[in-house]
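The structure appears below as structure tokens.
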Amino acid sequence: MAHPQVVIGVDSSTQSTKALAVDAETGKVLGEGRAPHRVDSRHGQESDPDQWWDALTTAVAATGWADRAQALAIGGQQHGLVTLDAAGRPVRPALLWNDVRSAPQAAELVRKFGAQWWATEIGSVPGASFTAAKWAWLRATEPGNADRTAAVRLPHDHLTERLTGTATTDRGDASGTGWWTPDGYHAAVLDHIGLDPALLPAVTPAGTAAGHALPGGPLRPGTPIATGTGDNMAAALGLGLTPGTPVLSLGTSGTVYTVARNRPADPTGTVAGFADALDGWLPLACTLNCTLAVDRIATLLGRDRQDVEPGGTAVLLPYLDGERTPALPHASGLLHGLRHDTTPGQLLQAAYDGAAYSLLAALGDVLAVDGAVEGPGAADPEQPILLIGGGAQGRAWQDTVRRLSGRPVQLPAARELVALGAAAQAAALLTGERADAVARRWGTADGPVLPALARDDAALERIATTISQAAALQGDGAP
């Protein structure tokens, strides 16, 4: 019996590294590994990049296929700022995507060039998460560290370089920096934030190898390493996503996105105009507060996370870490409409509603990039939303999304979609296929469909009104 061609896909996320060994022909998962990360939240949101490497080597080894894998790729958390010195060592802990200390720098970048300019030139209006704002923050607050920096990388770039010795990135992850365009790095942005383009990696085309594994790592020397990409781009690959299919991902952050043929250009900043990992686009809206924020509310109420109750008039905006959509980086949680008869279960349901609302409100804008009609859900309201991420298996999340969207929900049976997308990139090196075609061949998006529920327009209006009226209280300046 012939041995299978085995590839490894890696998901290096905020909290952990996951690795899957996958049969390149069938998509069957043959082995798994996982190792945790530590996040330092004392001042912002930071992590030591060296621990990502340690976690990667541990997780890859735990799959049981490290010495036999024929290719590997890495999907990594977007936006993070990794600064390396001349010896290739971290200058300081990496600034993570959800570190909002760079909000003033992001606002200054928007004032300098204008929101319409950013949407047209870069495809996205930068927020605190964007790497350009983080570098501007480093320049302003830690100039000594900025001066010591000899290389600037994104998390997946850094790990790929540790594996191969090659300074490389891909168009998908690079599109979240604020300085990438389809024609190359934008000189005016780099000049304004004081970043020498010589510090940046080359952009490797999709479907080609970034390099080959060096001795001393977790793989056999010479193993091909694909370009890898950002986590949202990898998840889109992992689903084999086709244009116009909506995805809602429920994790530490929440995202809603699709694959588009047209380049996004939203001057409001709601829709980020990311590139996908191939030759298209990935219009995406993101919230900072999703499953962890709702779980925190459940803990405060002393209830299981599924123990929700219908009814009531309370609105709970769980903006515990500031918020990106709406753009309130210094916001805090807010409770409005409390009554004598409000129950704890209704408050918990209100937290779910508050977390899901902004994602579903942005869905129409995301789908409109390719000319979809306006309105809640946009495009074909009968088309299911693909619900993924850690929250997707929770009944309360499923029911909340169905009730607030009025659309059916499909639950892909495949798990660890970021790692599967990276595995599809690795498999594409061996087969010559497009990575999304590999995932469609694997059937990764298949799964049960939950029917639509009647859309709860009263709840939607209540939340929208509260957000509008609370804007002055939440504010957009530093606390």
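Quick note on naming: the chains in the structure tokens go A, B, ... in the order shown, residues restart at 1 in each chain, and ligands are numbered from 1 in order of appearance.
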Contact residues around Asp54 (chain A) with only C-alpha atoms at 12 Å, ignoring same-chain residues under 2 positions, as a PyMOL selection string: chain A and resi 12+16-17+34-38+48-52+56-61+159+162-163+217-218
How would you write, as number ranges by chain, the set of residues in region 116-339 of chain A that DSSP gives as helix (DSSP H, G or I)? A: 116-121, 131-141, 143-148, 155-164, 171-174, 187-193, 197-199, 231-238, 291-301
Dump as a PDB file, in the first residue's frame, selection limited to C-alpha atoms:
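Result file is selection-v4.pdb:
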```
ATOM      1  CA  GLN A 116     -10.725  58.493   1.190  1.00  0.00           C
ATOM      2  CA  TRP A 117      -7.012  58.489   0.299  1.00  0.00           C
ATOM      3  CA  TRP A 118      -6.423  55.421   2.480  1.00  0.00           C
ATOM      4  CA  ALA A 119      -9.402  53.598   0.980  1.00  0.00           C
ATOM      5  CA  THR A 120      -8.266  54.344  -2.570  1.00  0.00           C
ATOM      6  CA  GLU A 121      -4.491  53.905  -2.186  1.00  0.00           C
ATOM      7  CA  THR A 131       1.020  47.396  11.715  1.00  0.00           C
ATOM      8  CA  ALA A 132       1.742  50.859  10.325  1.00  0.00           C
ATOM      9  CA  ALA A 133       0.132  52.427  13.391  1.00  0.00           C
ATOM     10  CA  LYS A 134       2.067  50.100  15.699  1.00  0.00           C
ATOM     11  CA  TRP A 135       5.389  51.061  14.089  1.00  0.00           C
ATOM     12  CA  ALA A 136       4.444  54.745  14.404  1.00  0.00           C
ATOM     13  CA  TRP A 137       3.718  54.121  18.104  1.00  0.00           C
ATOM     14  CA  LEU A 138       7.120  52.456  18.550  1.00  0.00           C
ATOM     15  CA  ARG A 139       8.853  55.370  16.813  1.00  0.00           C
ATOM     16  CA  ALA A 140       7.050  57.857  19.070  1.00  0.00           C
ATOM     17  CA  THR A 141       7.299  56.079  22.431  1.00  0.00           C
ATOM     18  CA  PRO A 143      12.672  55.488  19.683  1.00  0.00           C
ATOM     19  CA  GLY A 144      15.684  53.548  20.947  1.00  0.00           C
ATOM     20  CA  ASN A 145      13.994  50.246  20.130  1.00  0.00           C
ATOM     21  CA  ALA A 146      12.943  51.557  16.731  1.00  0.00           C
ATOM     22  CA  ASP A 147      16.532  52.578  15.993  1.00  0.00           C
ATOM     23  CA  ARG A 148      17.818  49.123  16.987  1.00  0.00           C
ATOM     24  CA  PRO A 155       4.145  36.868  13.041  1.00  0.00           C
ATOM     25  CA  HIS A 156       3.805  34.353  10.193  1.00  0.00           C
ATOM     26  CA  ASP A 157       6.720  36.020   8.341  1.00  0.00           C
ATOM     27  CA  HIS A 158       8.931  35.635  11.393  1.00  0.00           C
ATOM     28  CA  LEU A 159       8.192  31.938  11.820  1.00  0.00           C
ATOM     29  CA  THR A 160       8.622  31.199   8.110  1.00  0.00           C
ATOM     30  CA  GLU A 161      11.976  32.980   8.240  1.00  0.00           C
ATOM     31  CA  ARG A 162      13.030  30.942  11.289  1.00  0.00           C
ATOM     32  CA  LEU A 163      12.226  27.783   9.319  1.00  0.00           C
ATOM     33  CA  THR A 164      13.853  28.759   6.018  1.00  0.00           C
ATOM     34  CA  ARG A 171       0.079  39.497  -0.249  1.00  0.00           C
ATOM     35  CA  GLY A 172      -2.716  38.458   2.133  1.00  0.00           C
ATOM     36  CA  ASP A 173      -0.940  39.080   5.417  1.00  0.00           C
ATOM     37  CA  ALA A 174       0.964  42.079   4.017  1.00  0.00           C
ATOM     38  CA  ALA A 187       6.644  54.883  -0.287  1.00  0.00           C
ATOM     39  CA  ALA A 188       4.610  57.798   1.118  1.00  0.00           C
ATOM     40  CA  VAL A 189       3.282  55.742   4.046  1.00  0.00           C
ATOM     41  CA  LEU A 190       6.703  54.288   4.878  1.00  0.00           C
ATOM     42  CA  ASP A 191       8.318  57.719   4.677  1.00  0.00           C
ATOM     43  CA  HIS A 192       5.716  59.277   6.965  1.00  0.00           C
ATOM     44  CA  ILE A 193       6.075  56.625   9.678  1.00  0.00           C
ATOM     45  CA  PRO A 197      11.629  49.581   3.156  1.00  0.00           C
ATOM     46  CA  ALA A 198      14.910  47.668   3.379  1.00  0.00           C
ATOM     47  CA  LEU A 199      13.669  46.374   6.767  1.00  0.00           C
ATOM     48  CA  ASP A 231      -5.098  33.750   9.807  1.00  0.00           C
ATOM     49  CA  ASN A 232      -8.244  35.115   8.157  1.00  0.00           C
ATOM     50  CA  MET A 233      -6.827  34.478   4.702  1.00  0.00           C
ATOM     51  CA  ALA A 234      -5.846  30.959   5.743  1.00  0.00           C
ATOM     52  CA  ALA A 235      -9.337  30.258   7.084  1.00  0.00           C
ATOM     53  CA  ALA A 236     -10.822  31.411   3.754  1.00  0.00           C
ATOM     54  CA  LEU A 237      -8.502  28.959   1.997  1.00  0.00           C
ATOM     55  CA  GLY A 238      -9.412  26.267   4.515  1.00  0.00           C
ATOM     56  CA  THR A 291     -16.456  34.981  22.720  1.00  0.00           C
ATOM     57  CA  LEU A 292     -14.121  35.916  25.580  1.00  0.00           C
ATOM     58  CA  ALA A 293     -16.106  39.068  26.321  1.00  0.00           C
ATOM     59  CA  VAL A 294     -19.394  37.169  26.438  1.00  0.00           C
ATOM     60  CA  ASP A 295     -17.828  34.454  28.591  1.00  0.00           C
ATOM     61  CA  ARG A 296     -16.652  37.161  30.993  1.00  0.00           C
ATOM     62  CA  ILE A 297     -20.202  38.493  31.281  1.00  0.00           C
ATOM     63  CA  ALA A 298     -21.436  34.956  31.968  1.00  0.00           C
ATOM     64  CA  THR A 299     -18.850  34.612  34.746  1.00  0.00           C
ATOM     65  CA  LEU A 300     -19.890  37.929  36.295  1.00  0.00           C
ATOM     66  CA  LEU A 301     -23.506  36.746  36.250  1.00  0.00           C
TER      67      LEU A 301
END
```
Can you tell me, as a ChimeraX atom specification, which residues in region 65-296 of chain A count as strand (DSSP E) by DSSP? /A:71-76,82-84,94-95,151-153,168-169,180-181,184-185,202-203,209-212,224-226,229-230,247-250,254-257,272-275,281-287
I need the chosen residues saved as a short mmCIF file (atom, residue, chain, number, x, y, z; two decimals), in the first residue's frame, with C-alpha atoms.
```cif
data_model
loop_
_atom_site.label_atom_id
_atom_site.label_comp_id
_atom_site.auth_asym_id
_atom_site.auth_seq_id
_atom_site.Cartn_x
_atom_site.Cartn_y
_atom_site.Cartn_z
CA ALA A 71 5.60 20.35 2.82
CA LEU A 72 4.46 22.83 5.48
CA ALA A 73 2.84 26.26 5.63
CA ILE A 74 2.01 28.68 8.45
CA GLY A 75 -1.11 30.74 9.01
CA GLY A 76 -0.49 33.42 11.64
CA VAL A 82 7.76 41.81 15.25
CA THR A 83 10.97 43.84 15.50
CA LEU A 84 14.33 42.07 15.12
CA ALA A 94 5.74 41.73 19.65
CA LEU A 95 2.80 44.12 19.68
CA ALA A 151 14.01 43.86 10.35
CA VAL A 152 10.23 44.26 10.66
CA ARG A 153 8.09 41.15 10.30
CA THR A 168 9.42 36.61 2.89
CA THR A 169 5.73 37.43 3.27
CA TRP A 180 1.16 47.23 1.09
CA THR A 181 -0.46 47.78 -2.30
CA GLY A 184 4.40 47.16 -3.89
CA TYR A 185 5.05 48.88 -0.58
CA ALA A 202 9.88 40.39 -0.07
CA VAL A 203 6.35 39.41 -1.14
CA ALA A 209 7.74 28.02 -2.04
CA ALA A 210 9.04 30.61 0.39
CA GLY A 211 12.06 28.39 0.95
CA HIS A 212 13.12 25.06 2.39
CA PRO A 224 9.46 22.81 1.05
CA ILE A 225 7.78 25.63 2.98
CA ALA A 226 4.89 27.46 1.30
CA THR A 229 -0.53 33.85 5.09
CA GLY A 230 -2.59 35.65 7.73
CA VAL A 247 -18.39 33.77 6.71
CA LEU A 248 -18.83 34.76 10.35
CA SER A 249 -16.00 33.70 12.66
CA LEU A 250 -16.55 33.66 16.41
CA GLY A 254 -15.22 38.36 15.68
CA THR A 255 -14.90 38.67 11.93
CA VAL A 256 -17.26 38.65 8.98
CA TYR A 257 -15.85 38.33 5.48
CA ALA A 272 -10.91 46.36 5.63
CA GLY A 273 -9.77 45.89 2.05
CA PHE A 274 -7.52 42.90 2.61
CA ALA A 275 -6.08 40.81 -0.19
CA TRP A 281 -9.70 40.11 -2.18
CA LEU A 282 -11.00 39.47 1.32
CA PRO A 283 -13.29 42.31 2.44
CA LEU A 284 -13.54 41.90 6.19
CA ALA A 285 -15.06 43.60 9.22
CA CYS A 286 -13.70 42.82 12.67
CA THR A 287 -14.73 43.34 16.28
#
```
Gly9 (chain A) surroundings by only C-alpha atoms, 10 Å radius, close-in-sequence under 2 positions cut, as a PyMOL selection string: chain A and resi 7+11-12+18-22+32+60+71-75+226+228+234+416-427
Distance in Å - CA of Gly31 (chain A) versus CA of Pro221 (chain A): 20.5 Å
Can you pull out the residues contacting region 355-371 of chain A? Cut-off 8 Å, using only C-alpha atoms, and skip same-chain residues under 5 positions away; I want them as a compact mmCIF listing (two decimals) with C-alpha atoms, in the first residue's frame.
```
# COMPACT_ATOMS: atom_id res chain seq x y z
CA GLY A 244 -19.99 36.08 -2.27
CA PRO A 246 -20.48 34.96 3.78
CA LEU A 248 -18.83 34.76 10.35
CA GLY A 254 -15.22 38.36 15.68
CA THR A 255 -14.90 38.67 11.93
CA VAL A 256 -17.26 38.65 8.98
CA TYR A 257 -15.85 38.33 5.48
CA THR A 258 -16.12 36.89 2.01
CA ALA A 260 -14.42 39.17 -3.64
CA ARG A 261 -13.34 39.75 -7.22
CA ASN A 262 -13.20 43.53 -6.73
CA ARG A 263 -10.80 45.44 -4.52
CA PRO A 264 -12.61 46.99 -1.51
CA THR A 270 -15.80 49.44 8.55
CA VAL A 271 -14.63 47.09 5.80
CA PRO A 283 -13.29 42.31 2.44
CA LEU A 284 -13.54 41.90 6.19
CA ALA A 285 -15.06 43.60 9.22
CA CYS A 286 -13.70 42.82 12.67
CA THR A 287 -14.73 43.34 16.28
CA ASN A 289 -14.91 41.65 21.66
CA CYS A 290 -16.52 38.33 20.91
CA VAL A 294 -19.39 37.17 26.44
CA LEU A 317 -22.43 46.33 24.67
CA PRO A 318 -19.55 44.07 25.80
CA THR A 325 -16.28 48.09 14.92
CA PRO A 326 -17.65 50.58 15.82
CA PRO A 376 -29.74 43.05 6.26
CA GLY A 377 -27.76 40.01 5.23
CA ALA A 378 -27.34 41.44 1.70
CA ALA A 379 -26.97 39.34 -1.44
CA THR A 400 -28.22 34.57 18.19
CA VAL A 401 -26.76 34.75 14.69
CA LEU A 404 -30.38 38.72 14.35
CA SER A 405 -29.59 37.92 10.71
CA LEU A 460 -31.63 45.28 16.16
CA ILE A 463 -29.01 48.03 19.88
```
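Across the structure, CA of Gln5 (chain A) and CA of Trp53 (chain A) are spaced 25.0 Å apart.
One finds CA of Gly322 (chain A) at 9.3 Å from CA of Gln474 (chain A).
For Ala69 (chain A), the residues within 6 Å (counting only C-alpha atoms, excluding itself and residues fewer than 3 positions away along the chain) are A:Val6, A:Val7, A:Trp65, A:Ala66.
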Contacts of Asp341 (chain A) at 10 Å or less, counting only C-alpha atoms, minus same-chain residues fewer than 3 places along, as a list in words? Gly312, Thr313, Leu338, Pro344 and Gln346 of chain A
With a distance cut-off of 8 Å and only C-alpha atoms, select the neighbouring residues of Asp321 (chain A), excluding the residue or stretch itself and same-chain residues fewer than 5 positions from it, and output the selection as a short mmCIF file (atom, residue, chain, number, x, y, z; two decimals) with N, CA, C and O atoms, in the first residue's frame.
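New file selection-v6.cif:
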```
data_model
loop_
_atom_site.label_atom_id
_atom_site.label_comp_id
_atom_site.auth_asym_id
_atom_site.auth_seq_id
_atom_site.Cartn_x
_atom_site.Cartn_y
_atom_site.Cartn_z
N LEU A 288 -13.32 43.52 18.24
CA LEU A 288 -12.35 43.05 19.22
C LEU A 288 -12.97 42.14 20.26
O LEU A 288 -12.31 41.28 20.82
N ASN A 289 -14.25 42.35 20.54
CA ASN A 289 -14.91 41.65 21.66
C ASN A 289 -15.91 40.64 21.13
O ASN A 289 -16.92 41.00 20.54
N PRO A 329 -11.83 52.74 20.24
CA PRO A 329 -10.71 51.98 20.82
C PRO A 329 -10.58 52.10 22.32
O PRO A 329 -9.96 51.25 22.96
N HIS A 330 -11.15 53.16 22.92
CA HIS A 330 -11.04 53.33 24.37
C HIS A 330 -12.37 53.10 25.08
O HIS A 330 -12.52 53.47 26.25
N ALA A 331 -13.31 52.48 24.40
CA ALA A 331 -14.62 52.22 25.00
C ALA A 331 -14.52 51.17 26.09
O ALA A 331 -13.54 50.43 26.21
N SER A 332 -15.56 51.09 26.89
CA SER A 332 -15.71 50.04 27.90
C SER A 332 -17.10 49.44 27.73
O SER A 332 -17.91 49.90 26.94
#
```
